[in-house]
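One file, upload_17.cif, carrying mmCIF, N, CA and C atoms:
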data_upload
#
loop_
_atom_site.label_atom_id
_atom_site.label_comp_id
_atom_site.auth_asym_id
_atom_site.auth_seq_id
_atom_site.Cartn_x
_atom_site.Cartn_y
_atom_site.Cartn_z
N MET A 1052 108.14 96.10 69.76
CA MET A 1052 106.99 96.01 70.62
C MET A 1052 106.07 97.21 70.39
N THR A 1053 104.79 96.98 70.47
CA THR A 1053 103.83 98.06 70.28
C THR A 1053 103.11 98.34 71.60
N SER A 1054 102.47 99.50 71.67
CA SER A 1054 101.77 99.86 72.91
C SER A 1054 100.66 98.86 73.23
N SER A 1055 100.05 98.24 72.22
CA SER A 1055 98.97 97.29 72.48
C SER A 1055 99.45 96.04 73.20
N GLU A 1056 100.76 95.81 73.20
CA GLU A 1056 101.31 94.66 73.92
C GLU A 1056 101.42 94.94 75.42
N TYR A 1057 101.34 96.19 75.81
CA TYR A 1057 101.47 96.57 77.21
C TYR A 1057 100.21 97.22 77.78
N PHE A 1058 99.38 97.81 76.89
CA PHE A 1058 98.21 98.56 77.35
C PHE A 1058 96.95 98.01 76.70
N GLY A 1059 95.84 97.99 77.46
CA GLY A 1059 94.56 97.53 76.94
C GLY A 1059 94.08 98.41 75.80
N ALA A 1060 93.53 97.81 74.77
CA ALA A 1060 93.10 98.56 73.59
C ALA A 1060 91.95 99.50 73.88
N THR A 1061 91.00 99.10 74.73
CA THR A 1061 89.84 99.94 74.98
C THR A 1061 90.03 100.90 76.14
N THR A 1062 90.82 100.50 77.14
CA THR A 1062 90.97 101.34 78.34
C THR A 1062 92.25 102.15 78.34
N GLY A 1063 93.28 101.68 77.65
CA GLY A 1063 94.57 102.36 77.68
C GLY A 1063 95.35 102.09 78.96
N GLU A 1064 94.81 101.22 79.83
CA GLU A 1064 95.48 100.92 81.09
C GLU A 1064 96.48 99.78 80.93
N VAL A 1065 97.44 99.74 81.84
CA VAL A 1065 98.45 98.69 81.82
C VAL A 1065 97.76 97.34 81.97
N ARG A 1066 98.18 96.38 81.16
CA ARG A 1066 97.63 95.03 81.25
C ARG A 1066 98.01 94.40 82.58
N GLY A 1067 97.11 93.63 83.14
CA GLY A 1067 97.35 92.99 84.42
C GLY A 1067 97.88 91.58 84.31
N GLN A 1068 98.40 91.20 83.16
CA GLN A 1068 98.90 89.84 82.99
C GLN A 1068 100.41 89.85 82.88
N SER A 1069 101.05 88.89 83.54
CA SER A 1069 102.50 88.80 83.44
C SER A 1069 102.88 88.09 82.15
N SER A 1070 104.13 88.21 81.76
CA SER A 1070 104.58 87.56 80.54
C SER A 1070 104.63 86.04 80.71
N ASP A 1071 104.60 85.53 81.95
CA ASP A 1071 104.49 84.08 82.16
C ASP A 1071 103.13 83.59 81.67
N ASP A 1072 102.10 84.40 81.88
CA ASP A 1072 100.74 84.01 81.51
C ASP A 1072 100.37 84.43 80.09
N LEU A 1073 100.99 85.46 79.60
CA LEU A 1073 100.71 85.96 78.26
C LEU A 1073 102.04 86.42 77.65
N PRO A 1074 102.85 85.49 77.12
CA PRO A 1074 104.22 85.79 76.73
C PRO A 1074 104.39 86.97 75.78
N SER A 1075 103.46 87.18 74.87
CA SER A 1075 103.67 88.26 73.90
C SER A 1075 103.16 89.62 74.37
N LYS A 1076 102.37 89.66 75.46
CA LYS A 1076 101.75 90.94 75.82
C LYS A 1076 101.73 91.22 77.31
N GLY A 1077 102.46 90.50 78.12
CA GLY A 1077 102.38 90.70 79.56
C GLY A 1077 103.52 91.53 80.11
N TRP A 1078 103.39 91.95 81.36
CA TRP A 1078 104.45 92.69 82.03
C TRP A 1078 105.51 91.69 82.47
N CYS A 1079 106.77 92.14 82.57
CA CYS A 1079 107.83 91.19 82.90
C CYS A 1079 108.75 91.70 84.01
N ALA A 1080 108.49 92.84 84.56
CA ALA A 1080 109.29 93.35 85.67
C ALA A 1080 108.38 93.46 86.89
N ASP A 1081 108.64 94.41 87.74
CA ASP A 1081 107.79 94.59 88.92
C ASP A 1081 106.44 95.17 88.52
N LEU A 1082 105.42 94.85 89.33
CA LEU A 1082 104.09 95.41 89.13
C LEU A 1082 103.70 96.14 90.41
N HIS A 1083 103.26 97.38 90.28
CA HIS A 1083 102.85 98.19 91.42
C HIS A 1083 101.42 98.69 91.19
N VAL A 1084 100.59 98.61 92.22
CA VAL A 1084 99.22 99.11 92.16
C VAL A 1084 99.02 100.05 93.34
N ILE A 1085 98.53 101.25 93.07
CA ILE A 1085 98.23 102.21 94.13
C ILE A 1085 96.78 102.64 93.97
N ARG A 1086 96.02 102.53 95.05
CA ARG A 1086 94.64 103.02 95.09
C ARG A 1086 94.54 103.97 96.25
N ALA A 1087 94.00 105.15 96.02
CA ALA A 1087 93.94 106.15 97.09
C ALA A 1087 92.65 106.95 97.01
N ASN A 1088 92.17 107.34 98.18
CA ASN A 1088 91.03 108.24 98.30
C ASN A 1088 91.36 109.17 99.47
N ILE A 1089 91.91 110.33 99.14
CA ILE A 1089 92.43 111.27 100.14
C ILE A 1089 91.64 112.57 100.06
N ASP A 1090 91.27 113.12 101.22
CA ASP A 1090 90.57 114.41 101.22
C ASP A 1090 91.58 115.56 101.14
N LYS A 1091 91.09 116.78 101.08
CA LYS A 1091 91.96 117.94 100.89
C LYS A 1091 92.89 118.19 102.07
N GLU A 1092 92.58 117.62 103.24
CA GLU A 1092 93.46 117.76 104.41
C GLU A 1092 94.52 116.65 104.46
N GLY A 1093 94.44 115.70 103.54
CA GLY A 1093 95.42 114.62 103.49
C GLY A 1093 95.02 113.36 104.24
N PHE A 1094 93.76 113.27 104.66
CA PHE A 1094 93.29 112.08 105.38
C PHE A 1094 92.48 111.21 104.44
N GLY A 1095 92.50 109.91 104.68
CA GLY A 1095 91.73 108.99 103.85
C GLY A 1095 92.34 107.61 103.84
N LYS A 1096 92.22 106.94 102.70
CA LYS A 1096 92.68 105.56 102.57
C LYS A 1096 93.67 105.45 101.42
N VAL A 1097 94.70 104.64 101.63
CA VAL A 1097 95.67 104.33 100.58
C VAL A 1097 95.94 102.83 100.62
N GLY A 1098 95.92 102.21 99.47
CA GLY A 1098 96.32 100.82 99.32
C GLY A 1098 97.45 100.75 98.32
N TYR A 1099 98.50 100.02 98.67
CA TYR A 1099 99.66 99.89 97.78
C TYR A 1099 100.04 98.41 97.72
N ALA A 1100 100.09 97.86 96.54
CA ALA A 1100 100.48 96.47 96.35
C ALA A 1100 101.60 96.41 95.33
N TRP A 1101 102.57 95.54 95.57
CA TRP A 1101 103.67 95.40 94.63
C TRP A 1101 104.10 93.95 94.54
N GLN A 1102 104.54 93.59 93.37
CA GLN A 1102 105.01 92.24 93.11
C GLN A 1102 106.40 92.33 92.50
N ALA A 1103 107.31 91.56 93.05
CA ALA A 1103 108.71 91.62 92.64
C ALA A 1103 108.98 90.68 91.48
N GLY A 1104 108.63 91.09 90.29
CA GLY A 1104 108.91 90.30 89.10
C GLY A 1104 107.79 89.33 88.74
N LYS A 1105 107.84 88.88 87.52
CA LYS A 1105 106.77 88.07 86.96
C LYS A 1105 106.64 86.69 87.59
N SER A 1106 107.70 86.16 88.17
CA SER A 1106 107.65 84.80 88.71
C SER A 1106 107.33 84.75 90.19
N ASP A 1107 107.16 85.89 90.82
CA ASP A 1107 106.82 85.94 92.23
C ASP A 1107 105.37 85.51 92.40
N GLY A 1108 105.11 84.60 93.32
CA GLY A 1108 103.77 84.06 93.47
C GLY A 1108 102.87 84.82 94.41
N PHE A 1109 103.37 85.91 95.02
CA PHE A 1109 102.56 86.66 95.97
C PHE A 1109 102.74 88.16 95.76
N THR A 1110 101.73 88.92 96.11
CA THR A 1110 101.79 90.37 96.02
C THR A 1110 101.81 90.92 97.44
N ARG A 1111 102.84 91.69 97.76
CA ARG A 1111 102.95 92.32 99.07
C ARG A 1111 102.01 93.52 99.09
N THR A 1112 101.28 93.68 100.18
CA THR A 1112 100.23 94.70 100.19
C THR A 1112 100.24 95.49 101.49
N PHE A 1113 100.11 96.81 101.36
CA PHE A 1113 100.07 97.72 102.49
C PHE A 1113 98.82 98.58 102.35
N ASN A 1114 98.01 98.64 103.40
CA ASN A 1114 96.82 99.49 103.42
C ASN A 1114 96.85 100.36 104.66
N ILE A 1115 96.45 101.62 104.51
CA ILE A 1115 96.37 102.51 105.66
C ILE A 1115 95.14 103.40 105.54
N LYS A 1116 94.52 103.66 106.68
CA LYS A 1116 93.40 104.60 106.76
C LYS A 1116 93.75 105.62 107.84
N THR A 1117 93.74 106.89 107.48
CA THR A 1117 93.99 107.96 108.44
C THR A 1117 92.72 108.77 108.62
N ASP A 1118 92.56 109.34 109.82
CA ASP A 1118 91.34 110.07 110.12
C ASP A 1118 91.66 111.20 111.09
N ASN A 1119 90.87 112.25 111.04
CA ASN A 1119 90.98 113.37 111.97
C ASN A 1119 89.57 113.70 112.45
N SER A 1120 89.09 112.91 113.41
CA SER A 1120 87.75 113.12 113.96
C SER A 1120 87.84 114.02 115.18
N SER A 1121 87.24 115.18 115.09
CA SER A 1121 87.19 116.13 116.21
C SER A 1121 88.58 116.44 116.75
N GLY A 1122 89.56 116.56 115.87
CA GLY A 1122 90.91 116.91 116.29
C GLY A 1122 91.74 115.75 116.79
N THR A 1123 91.19 114.54 116.77
CA THR A 1123 91.93 113.34 117.19
C THR A 1123 92.45 112.64 115.95
N LEU A 1124 93.77 112.60 115.81
CA LEU A 1124 94.39 111.96 114.65
C LEU A 1124 94.54 110.47 114.91
N THR A 1125 94.08 109.65 113.99
CA THR A 1125 94.20 108.20 114.12
C THR A 1125 94.62 107.60 112.79
N ALA A 1126 95.20 106.41 112.87
CA ALA A 1126 95.57 105.67 111.67
C ALA A 1126 95.57 104.19 111.99
N ASP A 1127 95.13 103.40 111.05
CA ASP A 1127 95.22 101.95 111.11
C ASP A 1127 95.92 101.50 109.84
N ALA A 1128 97.01 100.75 110.01
CA ALA A 1128 97.78 100.27 108.86
C ALA A 1128 97.84 98.75 108.91
N TYR A 1129 97.83 98.14 107.74
CA TYR A 1129 97.85 96.68 107.62
C TYR A 1129 98.86 96.29 106.56
N PHE A 1130 99.56 95.17 106.82
CA PHE A 1130 100.48 94.60 105.83
C PHE A 1130 100.21 93.11 105.73
N GLY A 1131 100.29 92.60 104.54
CA GLY A 1131 100.13 91.17 104.31
C GLY A 1131 100.34 90.88 102.84
N PHE A 1132 99.82 89.77 102.41
CA PHE A 1132 100.00 89.33 101.03
C PHE A 1132 98.65 89.00 100.41
N ASN A 1133 98.60 89.04 99.10
CA ASN A 1133 97.47 88.51 98.38
C ASN A 1133 98.01 87.72 97.21
N PRO A 1134 97.16 87.00 96.48
CA PRO A 1134 97.66 86.12 95.43
C PRO A 1134 98.35 86.90 94.31
N HIS A 1135 99.13 86.17 93.55
CA HIS A 1135 99.69 86.69 92.30
C HIS A 1135 98.53 87.33 91.55
N PRO A 1136 98.66 88.55 91.06
CA PRO A 1136 97.51 89.24 90.47
C PRO A 1136 96.88 88.52 89.29
N ASP A 1137 97.63 87.68 88.60
CA ASP A 1137 97.07 86.97 87.46
C ASP A 1137 96.24 85.76 87.89
N ASN A 1138 96.37 85.35 89.14
CA ASN A 1138 95.67 84.15 89.60
C ASN A 1138 94.47 84.44 90.49
N SER A 1139 94.18 85.71 90.73
CA SER A 1139 93.00 86.03 91.52
C SER A 1139 91.78 86.03 90.59
N THR A 1140 90.62 86.30 91.13
CA THR A 1140 89.41 86.22 90.31
C THR A 1140 88.72 87.57 90.23
N GLY A 1141 87.88 87.72 89.24
CA GLY A 1141 87.05 88.91 89.13
C GLY A 1141 87.57 89.90 88.10
N THR A 1142 86.75 90.88 87.80
CA THR A 1142 87.09 91.91 86.84
C THR A 1142 88.17 92.82 87.41
N LEU A 1143 89.12 93.19 86.61
CA LEU A 1143 90.21 94.08 87.01
C LEU A 1143 90.95 93.55 88.24
N LYS A 1144 91.14 92.26 88.27
CA LYS A 1144 91.72 91.58 89.43
C LYS A 1144 93.10 92.09 89.80
N TYR A 1145 93.89 92.52 88.84
CA TYR A 1145 95.25 92.96 89.14
C TYR A 1145 95.29 94.26 89.93
N ARG A 1146 94.17 94.95 90.04
CA ARG A 1146 94.12 96.20 90.80
C ARG A 1146 93.92 95.97 92.29
N SER A 1147 93.74 94.76 92.71
CA SER A 1147 93.38 94.47 94.09
C SER A 1147 94.47 94.87 95.08
N THR A 1148 94.06 95.51 96.16
CA THR A 1148 94.96 95.75 97.29
C THR A 1148 94.40 95.06 98.53
N ASN A 1149 93.60 94.02 98.32
CA ASN A 1149 93.07 93.24 99.44
C ASN A 1149 94.18 92.39 100.04
N ILE A 1150 94.07 92.11 101.33
CA ILE A 1150 95.03 91.25 102.02
C ILE A 1150 94.27 90.03 102.51
N ASP A 1151 94.76 88.84 102.20
CA ASP A 1151 94.08 87.64 102.68
C ASP A 1151 95.02 86.62 103.30
N ARG A 1152 96.30 86.98 103.51
CA ARG A 1152 97.24 86.02 104.08
C ARG A 1152 98.50 86.72 104.56
N MET A 1153 99.28 85.98 105.35
CA MET A 1153 100.57 86.47 105.82
C MET A 1153 101.58 85.35 105.64
N ILE A 1154 102.79 85.73 105.31
CA ILE A 1154 103.92 84.81 105.26
C ILE A 1154 104.91 85.33 106.29
N CYS A 1155 105.02 84.61 107.41
CA CYS A 1155 105.81 85.11 108.53
C CYS A 1155 107.32 84.98 108.31
N ASN A 1156 107.75 84.01 107.54
CA ASN A 1156 109.18 83.82 107.28
C ASN A 1156 109.41 83.86 105.77
N TRP A 1157 109.45 85.08 105.23
CA TRP A 1157 109.59 85.25 103.79
C TRP A 1157 111.00 84.92 103.32
N ALA A 1158 112.02 85.46 103.98
CA ALA A 1158 113.39 85.31 103.47
C ALA A 1158 114.38 84.86 104.53
N GLY A 1159 113.92 84.47 105.70
CA GLY A 1159 114.82 84.06 106.77
C GLY A 1159 115.31 82.63 106.60
N PRO A 1160 116.18 82.18 107.50
CA PRO A 1160 116.68 80.81 107.45
C PRO A 1160 115.54 79.80 107.51
N GLY A 1161 115.59 78.80 106.66
CA GLY A 1161 114.56 77.77 106.65
C GLY A 1161 113.22 78.21 106.11
N GLN A 1162 113.18 79.32 105.42
CA GLN A 1162 111.90 79.83 104.91
C GLN A 1162 111.23 78.83 103.98
N SER A 1163 109.92 78.79 104.05
CA SER A 1163 109.15 77.90 103.18
C SER A 1163 107.95 78.60 102.56
N HIS A 1164 107.80 79.90 102.84
CA HIS A 1164 106.66 80.68 102.35
C HIS A 1164 105.33 80.08 102.79
N THR A 1165 105.31 79.51 104.00
CA THR A 1165 104.07 78.97 104.55
C THR A 1165 103.08 80.11 104.79
N VAL A 1166 101.87 79.93 104.30
CA VAL A 1166 100.84 80.95 104.37
C VAL A 1166 99.94 80.71 105.58
N VAL A 1167 99.61 81.79 106.30
CA VAL A 1167 98.64 81.73 107.39
C VAL A 1167 97.58 82.80 107.15
N SER A 1168 96.38 82.59 107.65
CA SER A 1168 95.27 83.52 107.45
C SER A 1168 95.32 84.63 108.49
N LYS A 1169 96.31 85.48 108.39
CA LYS A 1169 96.49 86.58 109.34
C LYS A 1169 97.03 87.79 108.58
N VAL A 1170 97.00 88.95 109.23
CA VAL A 1170 97.63 90.16 108.70
C VAL A 1170 98.39 90.83 109.83
N GLN A 1171 99.30 91.71 109.47
CA GLN A 1171 100.01 92.52 110.45
C GLN A 1171 99.29 93.85 110.56
N ARG A 1172 99.02 94.31 111.79
CA ARG A 1172 98.31 95.57 111.99
C ARG A 1172 99.11 96.49 112.90
N GLN A 1173 99.11 97.76 112.55
CA GLN A 1173 99.72 98.80 113.40
C GLN A 1173 98.68 99.89 113.58
N GLN A 1174 98.39 100.23 114.82
CA GLN A 1174 97.42 101.29 115.10
C GLN A 1174 98.16 102.48 115.67
N LEU A 1175 97.88 103.66 115.13
CA LEU A 1175 98.53 104.89 115.57
C LEU A 1175 97.51 105.85 116.15
#
Just dump the structure as structure tokens.
Amino acid sequence: MTSSEYFGATTGEVRGQSSDDLPSKGWCADLHVIRANIDKEGFGKVGYAWQAGKSDGFTRTFNIKTDNSSGTLTADAYFGFNPHPDNSTGTLKYRSTNIDRMICNWAGPGQSHTVVSKVQRQQL
């Protein structure tokens, strides 16, 4: 295997396609995406998305925004799912940490991966 099978030729970044979609050049294990914009005090926004293997049809996503306005510490965190990164649309689609759905019974008894248009929110 060569580096061009895993990394884009012009950008040098990891390819966003799984080996199911591009057998000779795609990723085949877990995929993790982290996007962050943090100030020097440690406050800001972080988005983290991960997909458990190439055949998983959904990307689990966690987003948090922390703030320190006038000495008041606050945070809003969200968890949910977004599409398999290879099936979303737009440029650099695999980098997305957007949330557009929730699966309430992922691995419990009788699970069916039924999708609802909701997210989980925690406010601190």
inquiry  = Once the PyMOL selection byres ((chain A and resi 1093-1103) around 6) is applied to the coordinates I shared, what remains selected? I want it as a list in words.
reply    =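 Selected by the PyMOL selection byres ((chain A and resi 1093-1103) around 6) here: Ala1080, Asp1081, Leu1082, His1083, Val1084, Ile1085, Arg1086, Ala1087, Asn1088, Ile1089, Asp1090, Lys1091, Glu1092, Gly1104, Lys1105, Ser1106, Asp1107, Phe1109, Thr1110, Arg1111, Thr1112, Phe1113, Asn1114, Ile1115, Lys1116, Thr1117, Asp1118 and Thr1148 of chain A.
For Gln1174 of chain A, the non-local neighbours within 7 Å, defined as residues at least 4 positions apart in the same chain or in other chains and counting only C-alpha atoms, are Ala1126, Asp1127 and Ala1128 of chain A.
The space separating atom CA of Ser1168 of chain A from atom CA of Gly1108 of chain A comes to 16.4 Å.
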task = Grab the atom N of Arg1172 of chain A to atom C of Asn1133 of chain A distance for me, in Å with one decimal place.
result =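 Calculated distance between atom N of Arg1172 of chain A and atom C of Asn1133 of chain A is 16.0 Å.
Considering all atoms listed in the file, the residue among A:Asn1119, A:Ala1158, A:Asp1151, A:Ser1163 positioned nearest to Pro1134 of chain A is A:Asp1151.
Rounded to one decimal, atom CA of Asn1149 of chain A and atom CA of Ser1120 of chain A lie 25.2 Å from each other.
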key: Result set, the PyMOL selection byres (((chain A and resi 1171 and name CA) around 10) and name CA) on current file, as a ChimeraX atom specification   = /A:1113,1128-1132,1150,1152-1153,1155,1169-1170,1172-1173
